[in-house]
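Remarks on the structure that follows.
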Amino acid sequence: MGNSCGTKGKIMPGQRYRLLYFNARGRAELARLILAATGVDYEDVRFEKEEWPKIKQTIHFEEVPILEVDGKQINQSYAIARFLAREHGLYGKDAVEMAGVDAVVDTLEDMMKPIYTIYLEENKEKMSSMLQKYKENTLKHYMQKFEEYLAKEDTEYFVGSSLTWADLHYINCMSWVTLFVPDALDNHPRLINLKNKIESLPRIANWLDTRPITNY
């Protein structure tokens, strides 16, 4: 049930990629965005939950996503993202920029951690209370700090003068955040501009328009 990515293009000599994950965006979507942004061809292998017991026996640590590079498996979503970013020029121009990219990604993850817990909460009343606290505290703090960061750096991207996987991680995170807090970006013009800029890049826009529609 794999399918070839719609953005055919360059790939490192001798390398072939297969990305394995549930039929969902989830933890695999960051890798898909990186591959879309770089125009790299790959096989987007999606499976349903009922297929998981059989599939997990064939992969490292029984966890997905998995990126297969010429049959060799790489697990963990951030390890996959870092590998792809390094291989295809989305990790900054030097060691300092690479560290800056990592710092933005790690800070975004700090902002996102409560969202994952809220998403899994089955008690609707408790979820509503958790979400309100998240919006008023964690999210408000990070949105303001990221806005200030962009103003201080005076750049169109989070790090340096060109696209990195930190920018792609940002738009992926915001797709989750705005699902729960639709007005999260209100009064943050630089963050809005960055999101619009990345999502309007031709390859990214094409992926967002054509990717499979899933629940999450």
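Ordering of the structure tokens sets the chain letters (A, B, ...), residue numbers begin anew at 1 in every chain, and ligands are numbered from 1 in the order given.
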
(Q) When you look at Leu208 of chain A with a cut-off of 12 Å (counting only C-alpha atoms), what residues show up, excluding the ones that are within fewer than 2 positions of it in the same chain? I need them as a ChimeraX atom specification. (A) /A:6-7,25,29,32-33,36-37,171-172,175,198-206,210-213

Can you list every residue of segment 103-195 of chain A that has an atom at most 10 Å from segment 85-96 of chain A, with its nearest atom pair and the distance in Å to one decimal, using only C-alpha atoms, ordered by chain then number, as a Markdown table?
| residue | atom | partner | partner_atom | distance |
| --- | --- | --- | --- | --- |
| A:Val159 | CA | A:Gly92 | CA | 7.3 |
| A:Gly160 | CA | A:Gly92 | CA | 7.0 |
| A:Ser161 | CA | A:Gly92 | CA | 9.0 |
| A:Ser162 | CA | A:Gly92 | CA | 7.9 |
| A:Leu163 | CA | A:Leu90 | CA | 6.5 |
| A:Thr164 | CA | A:Leu90 | CA | 4.3 |
| A:Trp165 | CA | A:Leu90 | CA | 5.5 |
| A:Ala166 | CA | A:Tyr91 | CA | 8.2 |
| A:Asp167 | CA | A:Leu90 | CA | 9.5 |
| A:Leu168 | CA | A:Leu90 | CA | 9.6 |

Save out the residues we just selected, N, CA, C and O atoms, as a PDB file, in the first residue's frame.
ATOM      1  N   VAL A 159      16.221  30.503  10.963  1.00  0.00           N
ATOM      2  CA  VAL A 159      17.685  30.460  11.073  1.00  0.00           C
ATOM      3  C   VAL A 159      18.306  30.785   9.720  1.00  0.00           C
ATOM      4  O   VAL A 159      17.976  30.156   8.704  1.00  0.00           O
ATOM      5  N   GLY A 160      19.205  31.776   9.707  1.00  0.00           N
ATOM      6  CA  GLY A 160      19.906  32.100   8.473  1.00  0.00           C
ATOM      7  C   GLY A 160      19.012  32.740   7.434  1.00  0.00           C
ATOM      8  O   GLY A 160      17.938  33.256   7.720  1.00  0.00           O
ATOM      9  N   SER A 161      19.468  32.673   6.190  1.00  0.00           N
ATOM     10  CA  SER A 161      18.795  33.377   5.109  1.00  0.00           C
ATOM     11  C   SER A 161      18.070  32.449   4.144  1.00  0.00           C
ATOM     12  O   SER A 161      17.674  32.875   3.056  1.00  0.00           O
ATOM     13  N   SER A 162      17.933  31.182   4.522  1.00  0.00           N
ATOM     14  CA  SER A 162      17.240  30.241   3.637  1.00  0.00           C
ATOM     15  C   SER A 162      16.455  29.225   4.458  1.00  0.00           C
ATOM     16  O   SER A 162      16.616  29.110   5.677  1.00  0.00           O
ATOM     17  N   LEU A 163      15.621  28.489   3.768  1.00  0.00           N
ATOM     18  CA  LEU A 163      14.755  27.493   4.394  1.00  0.00           C
ATOM     19  C   LEU A 163      15.560  26.414   5.099  1.00  0.00           C
ATOM     20  O   LEU A 163      16.565  25.924   4.573  1.00  0.00           O
ATOM     21  N   THR A 164      15.113  26.039   6.314  1.00  0.00           N
ATOM     22  CA  THR A 164      15.669  24.880   7.008  1.00  0.00           C
ATOM     23  C   THR A 164      14.512  24.018   7.506  1.00  0.00           C
ATOM     24  O   THR A 164      13.350  24.418   7.458  1.00  0.00           O
ATOM     25  N   TRP A 165      14.874  22.858   8.035  1.00  0.00           N
ATOM     26  CA  TRP A 165      13.803  21.984   8.519  1.00  0.00           C
ATOM     27  C   TRP A 165      13.146  22.520   9.781  1.00  0.00           C
ATOM     28  O   TRP A 165      12.044  22.097  10.128  1.00  0.00           O
ATOM     29  N   ALA A 166      13.764  23.516  10.424  1.00  0.00           N
ATOM     30  CA  ALA A 166      13.104  24.180  11.558  1.00  0.00           C
ATOM     31  C   ALA A 166      11.844  24.896  11.081  1.00  0.00           C
ATOM     32  O   ALA A 166      10.815  24.877  11.768  1.00  0.00           O
ATOM     33  N   ASP A 167      11.897  25.528   9.911  1.00  0.00           N
ATOM     34  CA  ASP A 167      10.728  26.211   9.361  1.00  0.00           C
ATOM     35  C   ASP A 167       9.629  25.212   9.016  1.00  0.00           C
ATOM     36  O   ASP A 167       8.437  25.470   9.235  1.00  0.00           O
ATOM     37  N   LEU A 168      10.016  24.079   8.479  1.00  0.00           N
ATOM     38  CA  LEU A 168       9.041  23.043   8.128  1.00  0.00           C
ATOM     39  C   LEU A 168       8.432  22.433   9.389  1.00  0.00           C
ATOM     40  O   LEU A 168       7.228  22.128   9.417  1.00  0.00           O
TER      41      LEU A 168
END

Within 10 Å of segment 136-155 of chain A: each segment 57-123 of chain A residue with its shortest pair, only C-alpha atoms, as CSV:
residue,atom,partner,partner_atom,distance
A:Val104,CA,A:Phe146,CA,8.9
A:Thr107,CA,A:Tyr142,CA,8.4
A:Leu108,CA,A:Tyr142,CA,8.2
A:Asp110,CA,A:Tyr142,CA,8.9
A:Met111,CA,A:Tyr142,CA,6.5
A:Met112,CA,A:Leu139,CA,8.6
A:Lys113,CA,A:Thr138,CA,9.9
A:Pro114,CA,A:Thr138,CA,8.4
A:Ile115,CA,A:Leu139,CA,9.7

TODO: Using backbone DSSP assignments, extract all alpha helix (DSSP H) residues from segment 52-143 of chain A; output them as number ranges by chain.
DONE: A: 52-55, 77-87, 95-120, 124-134, 140-143

Can you tell me which residues surround Ala24 of chain A at a distance of at most 10 Å, considering only C-alpha atoms, apart from same-chain residues fewer than 3 positions away, and format the answer as a list in words?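 The filter keeps Tyr21, Arg27, Ala28, Glu29, Arg46, Phe47, Glu48, Pro212, Ile213, Thr214, Asn215 and Tyr216 of chain A.
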
Same residues, C-alpha atoms, output as a PDB file, in the first residue's frame:
ATOM      1  CA  TYR A  21       3.872   4.980   8.860  1.00  0.00           C
ATOM      2  CA  ARG A  27       5.008  11.712  13.385  1.00  0.00           C
ATOM      3  CA  ALA A  28       5.803  11.053   9.728  1.00  0.00           C
ATOM      4  CA  GLU A  29       4.581  14.346   8.343  1.00  0.00           C
ATOM      5  CA  ARG A  46       0.964   3.847   4.656  1.00  0.00           C
ATOM      6  CA  PHE A  47      -0.878   1.131   6.546  1.00  0.00           C
ATOM      7  CA  GLU A  48      -4.000   0.820   8.684  1.00  0.00           C
ATOM      8  CA  PRO A 212      -3.980  12.207   1.494  1.00  0.00           C
ATOM      9  CA  ILE A 213      -6.758  13.520   3.736  1.00  0.00           C
ATOM     10  CA  THR A 214      -6.538  11.844   7.136  1.00  0.00           C
ATOM     11  CA  ASN A 215      -7.996  12.343  10.610  1.00  0.00           C
ATOM     12  CA  TYR A 216      -4.673  13.394  12.155  1.00  0.00           C
TER      13      TYR A 216
END

Open item on the list: Could you go through segment 54-202 of chain A and tell me which residues DSSP, when run on the backbone, assigns to strand (DSSP E or B), listing them as an MDAnalysis selection string?
Closed with: chainID A and resid 66:69 72:75

Applying 12 Å and only C-alpha atoms, which residues near Lys72 of chain A remain after dropping the ones on its own chain fewer than 4 positions away? List them as a PyMOL selection string. chain A and resi 15-19+59-60+66-68

field: Polymer residues at most 9 Å from Leu131 of chain A, only C-alpha atoms, same-chain spacing of 3 or more positions, as a PyMOL selection string
entry: chain A and resi 114-115+118+126-128+134-136+180-181

Write a file of the selected residues as a short mmCIF file (atom, residue, chain, number, x, y, z; two decimals), in the first residue's frame, keeping all heavy atoms.
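Written output follows (out.cif):
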data_model
loop_
_atom_site.label_atom_id
_atom_site.label_comp_id
_atom_site.auth_asym_id
_atom_site.auth_seq_id
_atom_site.Cartn_x
_atom_site.Cartn_y
_atom_site.Cartn_z
N PRO A 114 2.48 19.46 25.63
CA PRO A 114 1.14 19.39 26.22
C PRO A 114 0.04 19.05 25.21
O PRO A 114 -0.96 18.43 25.58
CB PRO A 114 0.94 20.80 26.81
CG PRO A 114 2.31 21.34 26.99
CD PRO A 114 3.09 20.79 25.86
N ILE A 115 0.23 19.45 23.96
CA ILE A 115 -0.78 19.18 22.94
C ILE A 115 -0.99 17.68 22.77
O ILE A 115 -2.12 17.20 22.61
CB ILE A 115 -0.38 19.81 21.58
CG1 ILE A 115 -0.64 21.31 21.59
CG2 ILE A 115 -1.13 19.17 20.43
CD1 ILE A 115 -2.11 21.70 21.48
N ILE A 118 -3.12 16.49 25.59
CA ILE A 118 -4.49 16.97 25.42
C ILE A 118 -5.21 16.15 24.35
O ILE A 118 -6.38 15.77 24.51
CB ILE A 118 -4.49 18.47 25.05
CG1 ILE A 118 -3.99 19.30 26.24
CG2 ILE A 118 -5.89 18.93 24.63
CD1 ILE A 118 -3.70 20.75 25.91
N LYS A 126 -12.33 17.46 31.05
CA LYS A 126 -10.93 17.59 31.45
C LYS A 126 -10.09 18.13 30.30
O LYS A 126 -9.21 18.96 30.50
CB LYS A 126 -10.39 16.24 31.91
CG LYS A 126 -8.98 16.31 32.47
CD LYS A 126 -8.53 14.96 33.02
CE LYS A 126 -7.12 15.05 33.58
NZ LYS A 126 -6.66 13.72 34.10
N MET A 127 -10.37 17.66 29.10
CA MET A 127 -9.65 18.16 27.93
C MET A 127 -9.84 19.67 27.77
O MET A 127 -8.87 20.40 27.50
CB MET A 127 -10.11 17.45 26.66
CG MET A 127 -9.49 18.02 25.39
SD MET A 127 -10.18 17.35 23.86
CE MET A 127 -9.28 15.81 23.77
N SER A 128 -11.06 20.14 27.96
CA SER A 128 -11.35 21.56 27.83
C SER A 128 -10.57 22.38 28.85
O SER A 128 -10.02 23.45 28.53
CB SER A 128 -12.85 21.80 27.99
OG SER A 128 -13.15 23.17 27.92
N TYR A 134 -3.41 25.48 28.79
CA TYR A 134 -2.33 25.47 27.79
C TYR A 134 -2.33 26.77 26.99
O TYR A 134 -1.28 27.39 26.79
CB TYR A 134 -2.53 24.27 26.86
CG TYR A 134 -1.57 24.26 25.70
CD1 TYR A 134 -0.23 23.95 25.87
CD2 TYR A 134 -2.02 24.55 24.40
CE1 TYR A 134 0.65 23.93 24.79
CE2 TYR A 134 -1.15 24.55 23.33
CZ TYR A 134 0.18 24.23 23.53
OH TYR A 134 1.05 24.22 22.46
N LYS A 135 -3.51 27.18 26.56
CA LYS A 135 -3.62 28.40 25.77
C LYS A 135 -3.17 29.62 26.55
O LYS A 135 -2.45 30.48 26.01
CB LYS A 135 -5.07 28.58 25.30
CG LYS A 135 -5.31 29.84 24.48
CD LYS A 135 -6.77 29.96 24.06
CE LYS A 135 -7.00 31.25 23.27
NZ LYS A 135 -8.41 31.37 22.82
N GLU A 136 -3.56 29.72 27.79
CA GLU A 136 -3.27 30.92 28.59
C GLU A 136 -1.84 30.97 29.10
O GLU A 136 -1.34 32.06 29.39
CB GLU A 136 -4.24 30.99 29.77
CG GLU A 136 -5.69 31.21 29.37
CD GLU A 136 -6.64 31.16 30.55
OE1 GLU A 136 -6.17 30.84 31.67
OE2 GLU A 136 -7.84 31.43 30.37
N PHE A 180 -6.52 22.99 17.70
CA PHE A 180 -7.06 23.14 19.05
C PHE A 180 -7.30 24.60 19.42
O PHE A 180 -8.23 24.91 20.15
CB PHE A 180 -6.10 22.52 20.07
CG PHE A 180 -6.01 21.03 20.00
CD1 PHE A 180 -5.06 20.40 19.21
CD2 PHE A 180 -6.89 20.23 20.72
CE1 PHE A 180 -4.98 19.02 19.14
CE2 PHE A 180 -6.83 18.85 20.67
CZ PHE A 180 -5.87 18.24 19.86
N VAL A 181 -6.44 25.47 18.92
CA VAL A 181 -6.53 26.90 19.24
C VAL A 181 -6.49 27.69 17.93
O VAL A 181 -5.43 28.12 17.48
CB VAL A 181 -5.37 27.34 20.15
CG1 VAL A 181 -5.57 28.79 20.61
CG2 VAL A 181 -5.22 26.43 21.35
#
